[in-house]
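Source file: data14.cif. Holds: mmCIF, C-alpha atoms.
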```
data_data
loop_
_atom_site.label_atom_id
_atom_site.label_comp_id
_atom_site.auth_asym_id
_atom_site.auth_seq_id
_atom_site.Cartn_x
_atom_site.Cartn_y
_atom_site.Cartn_z
CA MET A 39 10.59 22.74 -16.92
CA SER A 40 13.09 19.92 -16.38
CA PHE A 41 12.62 20.38 -12.63
CA LEU A 42 8.84 19.97 -12.98
CA ARG A 43 9.29 16.80 -15.04
CA ARG A 44 11.32 15.25 -12.20
CA LEU A 45 8.52 15.76 -9.69
CA GLU A 46 6.67 12.61 -8.58
CA ALA A 47 3.08 12.11 -7.43
CA LEU A 48 3.91 12.64 -3.75
CA ASP A 49 5.80 15.84 -4.63
CA TRP A 50 2.62 17.25 -6.17
CA VAL A 51 0.58 16.07 -3.16
CA ALA A 52 2.99 17.84 -0.81
CA ALA A 53 2.95 21.07 -2.81
CA GLY A 54 -0.83 20.95 -3.14
CA LEU A 55 -1.34 20.44 0.60
CA LEU A 56 0.96 23.35 1.47
CA ALA A 57 -0.77 25.61 -1.07
CA ALA A 58 -4.17 24.58 0.28
CA GLY A 59 -3.06 25.23 3.86
CA LEU A 60 -1.69 28.68 3.05
CA LEU A 61 -4.88 29.49 1.14
CA CYS A 62 -6.93 28.51 4.19
CA VAL A 63 -4.95 30.98 6.31
CA ALA A 64 -5.01 33.75 3.71
CA SER A 65 -8.77 33.41 3.17
CA GLY A 66 -9.57 33.42 6.87
CA LEU A 67 -10.96 29.87 6.88
CA LEU A 68 -8.27 29.08 9.44
CA PRO A 69 -7.82 31.79 12.10
CA THR A 70 -4.31 33.15 12.39
CA ALA A 71 -4.05 32.11 16.04
CA ALA A 72 -4.94 28.51 15.19
CA ALA A 73 -2.44 28.49 12.32
CA ALA A 74 0.28 29.86 14.60
CA ALA A 75 -0.51 27.19 17.20
CA ALA A 76 -0.27 24.49 14.53
CA MET A 77 3.10 25.76 13.31
CA THR A 78 4.39 25.99 16.88
CA ARG A 79 3.47 22.34 17.34
CA VAL A 80 4.96 21.27 14.01
CA GLY A 81 8.26 23.14 14.39
CA PRO A 82 10.06 20.56 16.59
CA LEU A 83 8.64 17.80 14.40
CA LEU A 84 10.17 19.37 11.27
CA ALA A 85 13.51 19.77 13.05
CA PHE A 86 13.39 16.09 14.00
CA LEU A 87 12.47 15.00 10.47
CA ALA A 88 15.18 17.02 8.77
CA SER A 89 17.98 16.03 11.14
CA VAL A 90 17.11 12.35 11.60
CA ILE A 91 16.84 11.75 7.86
CA VAL A 92 20.20 13.45 7.28
CA LEU A 93 21.59 11.16 9.99
CA ALA A 94 20.05 8.12 8.27
CA GLU A 95 21.41 9.14 4.85
CA LEU A 96 24.95 9.61 6.13
CA THR A 97 24.81 6.44 8.22
CA SER A 98 23.78 4.57 5.09
CA ALA A 99 26.66 6.13 3.13
CA ALA A 100 29.04 5.00 5.90
CA GLU A 101 27.80 1.41 5.33
CA VAL A 102 26.50 0.92 8.86
CA PHE A 103 23.19 -0.43 7.55
CA ASP A 104 25.00 -2.86 5.26
CA ALA A 105 26.87 -4.28 8.27
CA VAL A 106 23.68 -4.69 10.34
CA ALA A 107 21.85 -6.24 7.40
CA THR A 108 24.66 -8.71 6.84
CA ALA A 109 24.58 -9.74 10.52
CA VAL A 110 20.82 -10.37 10.35
CA ALA A 111 21.14 -12.35 7.12
CA ARG A 112 23.95 -14.48 8.56
CA ALA A 113 21.86 -15.18 11.68
CA GLY A 114 19.07 -16.52 9.44
CA ARG A 115 21.46 -19.18 8.05
CA GLY A 116 19.76 -19.24 4.64
CA SER A 117 16.24 -19.98 5.94
CA TYR A 118 13.48 -17.58 4.85
CA ALA A 119 11.33 -18.63 7.80
CA ALA A 120 14.13 -17.81 10.26
CA LEU A 121 14.87 -14.55 8.46
CA PHE A 122 11.17 -13.64 8.62
CA VAL A 123 11.01 -14.19 12.40
CA LEU A 124 14.25 -12.23 12.93
CA CYS A 125 13.02 -9.28 10.85
CA VAL A 126 9.63 -9.22 12.60
CA ALA A 127 11.24 -9.36 16.05
CA PHE A 128 13.76 -6.66 15.10
CA ALA A 129 11.08 -4.29 13.77
CA ALA A 130 8.64 -4.88 16.64
CA LEU A 131 11.31 -4.48 19.34
CA THR A 132 12.64 -1.27 17.78
CA THR A 133 9.15 0.24 17.63
CA VAL A 134 8.11 -0.81 21.14
CA THR A 135 11.27 0.40 22.91
CA LEU A 136 11.94 3.49 20.79
CA ASN A 137 9.18 4.82 18.54
CA LEU A 138 7.63 4.12 15.17
CA ASP A 139 9.27 7.09 13.44
CA THR A 140 12.71 5.87 14.49
CA THR A 141 11.85 2.45 13.08
CA ALA A 142 10.80 4.01 9.77
CA VAL A 143 13.95 6.14 9.58
CA LEU A 144 16.64 3.74 10.78
CA LEU A 145 15.25 0.26 10.19
CA THR A 146 13.97 0.77 6.63
CA PRO A 147 17.52 1.28 5.30
CA VAL A 148 18.65 -1.81 7.24
CA MET A 149 15.93 -3.92 5.62
CA LEU A 150 16.62 -2.57 2.13
CA ALA A 151 20.36 -3.06 2.59
CA LEU A 152 19.60 -6.62 3.72
CA ALA A 153 17.70 -7.28 0.47
CA ALA A 154 20.64 -5.95 -1.54
CA ARG A 155 23.23 -7.95 0.40
CA VAL A 156 21.35 -11.25 0.17
CA GLY A 157 19.97 -10.73 -3.34
CA ILE A 158 16.28 -11.09 -2.47
CA ALA A 159 13.24 -8.97 -3.32
CA PRO A 160 13.24 -5.72 -1.29
CA VAL A 161 9.46 -5.21 -1.04
CA PRO A 162 8.77 -7.98 1.55
CA LEU A 163 11.47 -6.55 3.81
CA ALA A 164 10.24 -3.00 3.29
CA MET A 165 6.66 -3.99 4.11
CA THR A 166 7.82 -5.66 7.32
CA THR A 167 9.20 -2.33 8.47
CA VAL A 168 6.26 -0.08 7.65
CA TRP A 169 3.53 -2.41 8.87
CA LEU A 170 5.21 -3.25 12.18
CA ALA A 171 6.20 0.38 12.73
CA ASN A 172 2.47 1.09 12.99
CA THR A 173 0.94 -2.09 14.42
CA SER A 174 3.57 -2.67 17.13
CA SER A 175 3.35 0.88 18.52
CA LEU A 176 0.62 0.17 21.11
CA LEU A 177 2.50 -1.12 24.13
CA LEU A 178 4.48 1.72 25.75
CA PRO A 179 4.10 5.52 25.89
CA VAL A 180 7.40 6.03 24.06
CA SER A 181 6.31 3.81 21.16
CA ASN A 182 4.13 6.53 19.62
CA LEU A 183 3.42 10.21 20.24
CA THR A 184 -0.29 9.40 20.46
CA ASN A 185 0.56 6.99 23.30
CA LEU A 186 2.22 9.80 25.24
CA LEU A 187 -0.91 11.90 24.87
CA ALA A 188 -3.14 9.00 25.92
CA ALA A 189 -0.95 8.13 28.91
CA ASP A 190 -1.35 11.67 30.25
CA ARG A 191 -5.12 11.49 29.81
CA VAL A 192 -5.61 8.11 31.51
CA ALA A 193 -2.75 8.59 34.01
CA LEU A 194 -0.92 5.42 32.98
CA SER A 195 2.75 4.79 33.75
CA PRO A 196 4.76 2.79 31.18
CA ALA A 197 4.13 -0.37 33.21
CA GLY A 198 0.45 0.49 33.55
CA MET A 199 0.06 1.07 29.84
CA ALA A 200 1.84 -2.22 29.10
CA ARG A 201 -0.60 -4.03 31.42
CA ALA A 202 -3.54 -2.41 29.63
CA MET A 203 -2.29 -2.94 26.08
CA TRP A 204 -0.33 -6.21 26.07
CA ALA A 205 -3.21 -8.24 24.64
CA PRO A 206 -4.11 -5.74 21.87
CA GLN A 207 -0.41 -5.50 21.02
CA LEU A 208 0.00 -9.26 20.71
CA ALA A 209 -3.16 -9.50 18.58
CA ALA A 210 -2.01 -6.73 16.23
CA VAL A 211 1.48 -8.22 15.78
CA ALA A 212 0.06 -11.72 15.20
CA LEU A 213 -2.26 -10.45 12.45
CA THR A 214 0.62 -8.45 10.95
CA MET A 215 2.82 -11.54 10.79
CA ALA A 216 0.05 -13.54 9.12
CA CYS A 217 -0.61 -10.85 6.50
CA LEU A 218 3.09 -10.31 5.85
CA TRP A 219 3.65 -14.00 5.20
CA VAL A 220 0.59 -14.48 3.00
CA PHE A 221 0.89 -11.28 0.96
CA TYR A 222 4.68 -10.80 0.72
CA TRP A 223 6.88 -13.49 2.30
CA ARG A 224 5.52 -16.88 1.16
CA ARG A 225 7.45 -18.66 -1.56
CA GLY A 226 5.02 -17.73 -4.33
CA ARG A 227 5.61 -14.05 -3.57
CA ARG A 228 9.30 -13.94 -2.70
CA GLY A 229 10.31 -16.26 -5.55
CA ALA A 230 12.91 -18.47 -3.83
CA LEU A 231 13.13 -21.41 -1.42
CA ASP A 232 16.16 -20.18 0.53
CA TYR A 233 19.05 -17.74 0.25
CA LEU A 234 22.82 -17.80 0.55
CA PRO A 235 24.07 -16.03 3.69
CA PRO A 236 26.57 -13.28 2.78
CA GLN A 237 30.14 -12.89 3.95
CA ARG A 238 30.90 -10.55 6.83
CA HIS A 239 30.75 -6.92 5.67
CA ARG A 240 33.89 -4.76 5.76
CA PRO A 241 33.28 -0.98 5.34
CA ALA A 242 35.40 1.03 2.92
CA ASP A 243 36.04 3.78 5.51
CA PRO A 244 36.24 2.26 9.01
CA VAL A 245 36.54 5.69 10.65
CA LEU A 246 33.29 7.01 9.18
CA PHE A 247 31.68 3.66 9.90
CA ARG A 248 32.56 3.83 13.61
CA ILE A 249 31.57 7.48 13.96
CA CYS A 250 28.15 7.01 12.32
CA ALA A 251 27.49 3.77 14.19
CA ALA A 252 28.25 5.61 17.44
CA CYS A 253 25.93 8.47 16.39
CA CYS A 254 23.08 6.01 15.83
CA ALA A 255 23.74 4.29 19.13
CA VAL A 256 23.79 7.60 21.00
CA PHE A 257 20.59 8.71 19.28
CA LEU A 258 18.78 5.49 20.17
CA ALA A 259 19.98 5.67 23.77
CA ALA A 260 19.06 9.36 24.04
CA VAL A 261 15.44 8.95 22.94
CA LEU A 262 14.64 6.27 25.51
CA PRO A 263 13.77 8.84 28.23
CA ALA A 264 10.26 10.05 27.36
CA ASP A 265 11.00 13.64 28.36
CA LEU A 266 13.95 14.17 25.98
CA PRO A 267 12.98 16.04 22.78
CA LEU A 268 13.53 13.89 19.72
CA TRP A 269 14.75 16.86 17.66
CA LEU A 270 17.53 17.52 20.18
CA ALA A 271 18.84 13.96 20.05
CA SER A 272 18.62 13.72 16.25
CA GLY A 273 20.02 17.22 15.70
CA ALA A 274 23.07 16.68 17.88
CA THR A 275 23.97 13.29 16.42
CA ALA A 276 23.33 14.44 12.84
CA ALA A 277 25.67 17.39 13.42
CA VAL A 278 28.46 15.02 14.47
CA ALA A 279 27.89 12.85 11.39
CA VAL A 280 27.92 15.92 9.12
CA ALA A 281 31.18 17.11 10.68
CA ALA A 282 32.78 13.70 10.13
CA PHE A 283 31.76 13.63 6.47
CA ALA A 284 32.91 17.24 6.01
CA VAL A 285 36.40 16.11 6.98
CA ARG A 286 36.60 12.71 5.28
CA ARG A 287 34.09 12.76 2.40
CA PRO A 288 32.79 16.30 1.78
CA ALA A 289 31.31 15.46 -1.66
CA GLN A 290 28.65 13.41 0.15
CA LEU A 291 27.19 16.58 1.73
CA ARG A 292 24.64 17.84 -0.80
CA PRO A 293 21.22 19.54 -0.66
CA ALA A 294 19.46 16.30 -1.65
CA LEU A 295 20.21 14.93 1.83
CA VAL A 296 17.45 17.16 3.24
CA PRO A 297 13.92 15.65 2.93
CA TRP A 298 12.39 18.65 1.16
CA ARG A 299 9.18 16.81 0.27
CA LEU A 300 8.36 16.03 3.91
CA LEU A 301 9.28 19.53 5.05
CA VAL A 302 6.71 20.87 2.58
CA LEU A 303 4.05 18.22 3.15
CA VAL A 304 3.87 18.17 6.97
CA PRO A 305 3.10 21.90 7.52
CA GLY A 306 0.51 21.81 4.75
CA MET A 307 -1.10 18.72 6.24
CA PHE A 308 -1.36 20.27 9.70
CA LEU A 309 -2.84 23.52 8.34
CA VAL A 310 -5.44 21.67 6.26
CA VAL A 311 -6.44 19.38 9.14
CA GLN A 312 -6.68 22.36 11.52
CA THR A 313 -9.01 24.02 9.03
CA VAL A 314 -11.13 20.89 8.75
CA ASP A 315 -11.23 20.62 12.53
CA ALA A 316 -12.40 24.22 12.80
CA HIS A 317 -15.21 23.54 10.32
CA GLY A 318 -16.75 20.27 11.39
CA LEU A 319 -14.17 17.56 12.15
CA HIS A 320 -14.92 17.83 15.87
CA HIS A 321 -18.62 17.26 15.26
CA LEU A 322 -17.90 14.45 12.80
CA LEU A 323 -15.72 12.67 15.34
CA ALA A 324 -18.26 13.19 18.09
CA THR A 325 -20.84 11.48 15.90
CA ALA A 326 -18.51 8.71 14.72
CA VAL A 327 -16.84 7.90 18.06
CA GLY A 328 -19.83 8.42 20.35
CA THR A 329 -19.77 8.25 24.14
CA ASP A 330 -20.44 4.53 24.71
CA GLY A 331 -17.80 3.00 26.96
CA GLY A 332 -19.09 -0.54 26.42
CA THR A 333 -17.91 -3.18 23.98
CA ALA A 334 -19.82 -1.71 21.03
CA GLY A 335 -18.38 1.72 21.85
CA LEU A 336 -14.84 0.31 21.79
CA PHE A 337 -15.26 -1.04 18.28
CA ARG A 338 -16.95 2.15 17.19
CA ALA A 339 -14.08 4.30 18.49
CA SER A 340 -11.30 2.14 17.06
CA LEU A 341 -12.87 1.82 13.60
CA ALA A 342 -13.66 5.54 13.44
CA GLY A 343 -10.07 6.36 14.43
CA ALA A 344 -8.65 3.98 11.82
CA GLY A 345 -10.91 5.22 9.02
CA LEU A 346 -10.37 8.93 9.62
CA SER A 347 -6.61 8.44 10.14
CA ASN A 348 -6.34 7.11 6.60
CA VAL A 349 -8.31 10.04 5.23
CA LEU A 350 -6.43 12.71 7.21
CA ASN A 351 -3.56 11.65 9.49
CA ASN A 352 -3.51 9.68 12.71
CA LEU A 353 -1.99 12.37 14.96
CA PRO A 354 -4.55 15.17 14.39
CA VAL A 355 -7.36 12.58 14.32
CA TYR A 356 -6.30 11.26 17.72
CA LEU A 357 -6.04 14.78 19.14
CA ALA A 358 -9.51 15.66 17.86
CA GLY A 359 -10.95 12.29 18.91
CA GLU A 360 -9.54 12.54 22.42
CA ALA A 361 -11.54 15.73 22.94
CA VAL A 362 -14.87 13.99 22.25
CA VAL A 363 -14.30 10.87 24.42
CA PRO A 364 -15.84 11.37 27.90
CA ALA A 365 -13.23 11.87 30.63
CA GLY A 366 -14.10 8.65 32.46
CA ASN A 367 -14.10 6.36 29.38
CA HIS A 368 -10.46 5.29 29.63
CA THR A 369 -10.92 2.00 27.78
CA GLN A 370 -12.80 3.76 24.97
CA LEU A 371 -9.88 6.16 24.67
CA LEU A 372 -7.47 3.22 24.42
CA ALA A 373 -9.70 1.77 21.69
CA LEU A 374 -9.39 5.05 19.78
CA LEU A 375 -5.64 4.68 20.23
CA VAL A 376 -5.78 1.18 18.72
CA GLY A 377 -7.49 2.61 15.64
CA THR A 378 -5.15 5.57 15.17
CA ASN A 379 -2.00 3.46 15.74
CA ALA A 380 -2.70 0.13 14.06
CA GLY A 381 -5.14 1.41 11.43
CA PRO A 382 -3.25 3.99 9.30
CA LEU A 383 -1.82 1.48 6.80
CA ILE A 384 -3.70 2.30 3.61
CA LEU A 385 -2.74 5.75 2.30
CA PRO A 386 0.78 7.27 2.33
CA TRP A 387 -0.15 10.24 4.55
CA ALA A 388 -2.08 8.20 7.14
CA SER A 389 0.88 8.30 9.55
CA LEU A 390 4.16 10.15 9.66
CA ALA A 391 6.03 6.85 9.86
CA THR A 392 4.48 5.76 6.55
CA LEU A 393 5.53 9.05 4.92
CA ILE A 394 9.09 8.60 6.18
CA TRP A 395 9.08 5.01 4.94
CA TYR A 396 8.05 6.06 1.43
CA GLU A 397 10.86 8.65 1.49
CA ARG A 398 13.45 6.05 2.55
CA CYS A 399 12.31 3.57 -0.12
CA ARG A 400 12.51 6.31 -2.74
CA ALA A 401 16.04 7.24 -1.61
CA PHE A 402 17.12 3.60 -2.07
CA GLY A 403 15.56 3.42 -5.53
CA VAL A 404 13.00 0.79 -4.47
CA ARG A 405 9.75 0.93 -6.43
CA ILE A 406 6.75 0.40 -4.14
CA PRO A 407 3.63 -1.08 -5.82
CA VAL A 408 1.19 1.50 -4.44
CA GLY A 409 -1.97 -0.31 -5.57
CA ARG A 410 -0.94 -3.58 -3.97
CA VAL A 411 0.28 -1.87 -0.80
CA THR A 412 -3.03 -0.01 -0.50
CA ALA A 413 -5.13 -3.16 -0.99
CA THR A 414 -3.13 -5.35 1.38
CA GLY A 415 -2.84 -2.51 3.88
CA ALA A 416 -6.63 -2.23 3.95
CA VAL A 417 -6.94 -5.93 4.76
CA LEU A 418 -4.37 -5.74 7.56
CA ALA A 419 -5.78 -2.49 8.97
CA ALA A 420 -9.26 -3.99 9.29
CA ALA A 421 -8.02 -7.31 10.69
CA ALA A 422 -5.50 -5.83 13.15
CA VAL A 423 -7.84 -3.13 14.48
CA LEU A 424 -10.72 -5.59 14.96
CA ALA A 425 -8.48 -8.21 16.63
CA ALA A 426 -6.74 -5.69 18.88
CA THR A 427 -10.04 -4.10 19.88
CA ALA A 428 -11.51 -7.51 20.69
CA ALA A 429 -8.47 -8.24 22.87
CA LEU A 430 -8.89 -4.90 24.62
CA ALA A 431 -12.59 -5.63 25.23
CA VAL A 432 -11.74 -8.99 26.80
CA THR A 433 -8.85 -7.79 28.99
CA GLY A 434 -9.77 -4.13 29.53
#
```
Produce structure tokens that represent the structure in this file.
Amino acid sequence: MSFLRRLEALDWVAAGLLAAGLLCVASGLLPTAAAAAAMTRVGPLLAFLASVIVLAELTSAAEVFDAVATAVARAGRGSYAALFVLCVAFAALTTVTLNLDTTAVLLTPVMLALAARVGIAPVPLAMTTVWLANTSSLLLPVSNLTNLLAADRVALSPAGMARAMWAPQLAAVALTMACLWVFYWRRGRRGALDYLPPQRHRPADPVLFRICAACCAVFLAAVLPADLPLWLASGATAAVAVAAFAVRRPAQLRPALVPWRLLVLVPGMFLVVQTVDAHGLHHLLATAVGTDGGTAGLFRASLAGAGLSNVLNNLPVYLAGEAVVPAGNHTQLLALLVGTNAGPLILPWASLATLIWYERCRAFGVRIPVGRVTATGAVLAAAAVLAATAALAVTG
């Protein structure tokens, strides 16, 4: 009973989704072959999630994030405006060159450590990470798994995709910056005029610090090639970090390092969405997205993708939506991508990056005001998707 009392709302959501997914398979609503295909697809994703979060936890324990946060805070020289620009640039660059899940895993602890080091409110920094992880993932194939799928469909190289999406990306980031400042960063929200830059950080265990910093660097360098599996890079570097802690600080290795909630939630989510897809999602998307490749069709596709991503999840919605877009409507497909990338900002399960972000905030003991995040996320989702789609219509 004490275990049940410790469960939070998202724990119950995760357990409920898994139970619902298994019930769909057991009842025959989801054919066994379709369920097996879903689990085959989700297997590498679960391996990536488990290993990269263990890596992030141990890297945090080795104080690598504290050192990075201190460097960023010192570069801001006490100015909130300068710190805001630095944090936005850091989050956007990490997402564009790596991917949004890496930003959620590795940058969220940096931002939260920055708040702790400088003594400022953590929520503005946390929101910078999660919003830009989604809205700045439009530019390159590696930025988002949905981008990789779209690049194959429209035969775009990284440079070609950048040429097609630079204007939507700039529009989405500009709207994100405006919403971040108004809702979370302005003086009335953050509660201070400036801050005192911290002293240079010195880790308690320099050996663990160097090993974990090297593991993060190797992981980031390894995921740059688009054809390298993420789970392989995260698994190998996490194994090195675990080995280092086993030698120098074995008490740190505990079952709580593993993100059990996500490992329960993700399979359940995929099974439920597969069931919905088998019983009408395809037809719903066909009706919502349509086949119009003109300007009206672009807005229709992007808004449908954003709305359904928040109800279900952006990855299965993109996969289902891609199937209903006519083969020659490349710009309409990119508009769907705008919706599924920049739009899932409202509900926790709308994107995997948002789920990871909630998990990282919870691990740091940061309380996220869910109602406020939902309301402000809805405003940004609508504004960013509309602005990015308009930019795509003008330049596409």
- request: Would you kindly return, as an MDAnalysis selection string, each protein, DNA or RNA residue with an atom no farther than 8 Å from any atom of segment 236-242 of chain A, considering only C-alpha atoms and excluding same-chain residues fewer than 4 positions away?
  value: chainID A and resid 100:102 104:105 108:109 111:112 155:156 247
Do you have, as a tab-separated table, the list of residues of segment 57-171 of chain A lying at most 9 Å from segment 292-297 of chain A, each with its nearest atom pair and that distance in Å to one decimal, counting all atoms listed in the file and ordered by chain then number?
```
residue	atom	partner	partner_atom	distance
A:Leu87	CA	A:Pro297	CA	7.7
A:Ala88	CA	A:Val296	CA	6.0
A:Ser89	CA	A:Val296	CA	8.0
A:Ile91	CA	A:Pro297	CA	6.9
A:Val92	CA	A:Leu295	CA	5.6
A:Glu95	CA	A:Leu295	CA	6.6
A:Leu96	CA	A:Leu295	CA	8.3
```
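The nearest approach to Leu194 of chain A among the residues A:Ala429, A:Cys125, A:Leu393, A:Leu372, with all atoms listed in the file taken into account, belongs to A:Leu372.
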Protein and nucleic acid residues near (13.0, -6.7, 4.4) (cut-off 12 Å, only C-alpha atoms) as number ranges by chain: A: 107, 110-111, 118, 121-126, 128-129, 145-170, 218-219, 222-223, 228, 399, 404
query: Taking into account only C-alpha atoms, which residue in the set A:Leu323, A:Leu176, A:Leu187, A:Leu67 is nearest to Trp204 of chain A?
result: A:Leu176
- request: Return the single residue from A:Gly306, A:Gly318, A:Pro364, A:Gly377 that is closest to Ala342 of chain A, with distances computed using only C-alpha atoms.
  value: A:Gly377
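On the file presented, the PyMOL selection byres ((chain A and resi 432) around 12) picks out Ala202, Met203, Trp204, Ala205, Pro206, Ala209, Gly332, Thr333, Leu336, Thr369, Ala425, Ala426, Thr427, Ala428, Ala429, Leu430, Ala431, Thr433 and Gly434 of chain A.
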Restricted to C-alpha atoms, what would the selected residues look like written as a PDB file, in the frame of the given file?
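So the final result, stored in again.pdb, reads:
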```pdb
ATOM      1  CA  ALA A 202      -3.540  -2.410  29.630  1.00  0.00           C
ATOM      2  CA  MET A 203      -2.290  -2.940  26.080  1.00  0.00           C
ATOM      3  CA  TRP A 204      -0.330  -6.210  26.070  1.00  0.00           C
ATOM      4  CA  ALA A 205      -3.210  -8.240  24.640  1.00  0.00           C
ATOM      5  CA  PRO A 206      -4.110  -5.740  21.870  1.00  0.00           C
ATOM      6  CA  ALA A 209      -3.160  -9.500  18.580  1.00  0.00           C
ATOM      7  CA  GLY A 332     -19.090  -0.540  26.420  1.00  0.00           C
ATOM      8  CA  THR A 333     -17.910  -3.180  23.980  1.00  0.00           C
ATOM      9  CA  LEU A 336     -14.840   0.310  21.790  1.00  0.00           C
ATOM     10  CA  THR A 369     -10.920   2.000  27.780  1.00  0.00           C
ATOM     11  CA  ALA A 425      -8.480  -8.210  16.630  1.00  0.00           C
ATOM     12  CA  ALA A 426      -6.740  -5.690  18.880  1.00  0.00           C
ATOM     13  CA  THR A 427     -10.040  -4.100  19.880  1.00  0.00           C
ATOM     14  CA  ALA A 428     -11.510  -7.510  20.690  1.00  0.00           C
ATOM     15  CA  ALA A 429      -8.470  -8.240  22.870  1.00  0.00           C
ATOM     16  CA  LEU A 430      -8.890  -4.900  24.620  1.00  0.00           C
ATOM     17  CA  ALA A 431     -12.590  -5.630  25.230  1.00  0.00           C
ATOM     18  CA  THR A 433      -8.850  -7.790  28.990  1.00  0.00           C
ATOM     19  CA  GLY A 434      -9.770  -4.130  29.530  1.00  0.00           C
TER      20      GLY A 434
END
```
Do you have, as a tab-separated table, the list of residues of segment 318-415 of chain A lying at most 12 Å from segment 76-81 of chain A, each with its nearest atom pair and that distance in Å to one decimal, counting all atoms listed in the file and ordered by chain then number?
```
residue	atom	partner	partner_atom	distance
A:Leu353	CA	A:Val80	CA	11.3
A:Pro354	CA	A:Ala76	CA	10.3
A:Leu390	CA	A:Val80	CA	12.0
```
Please produce a file of the residues just selected, as a PDB file, in the frame of the given file, where the atoms kept are C-alpha atoms.
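Result file is again.pdb:
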```pdb
ATOM      1  CA  LEU A 353      -1.990  12.370  14.960  1.00  0.00           C
ATOM      2  CA  PRO A 354      -4.550  15.170  14.390  1.00  0.00           C
ATOM      3  CA  LEU A 390       4.160  10.150   9.660  1.00  0.00           C
TER       4      LEU A 390
END
```
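Of the residues listed (A:Leu138, A:His368, A:Ile249, A:Ala99), A:Ala99 shows the shortest atom-to-atom separation from Ala289 of chain A; distances use all atoms listed in the file.
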Separation of atom CA of Leu144 of chain A from atom CA of Thr173 of chain A, in Å and rounded to one decimal: 17.1 Å
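Distance-wise, atom CA of Leu270 of chain A and atom CA of Ala284 of chain A end up 20.9 Å apart.
Compared by their closest atoms to Gly54 of chain A, and using all atoms listed in the file, the residues A:Ala142, A:Val311, A:Ala212, A:Leu303 rank with A:Leu303 nearest.
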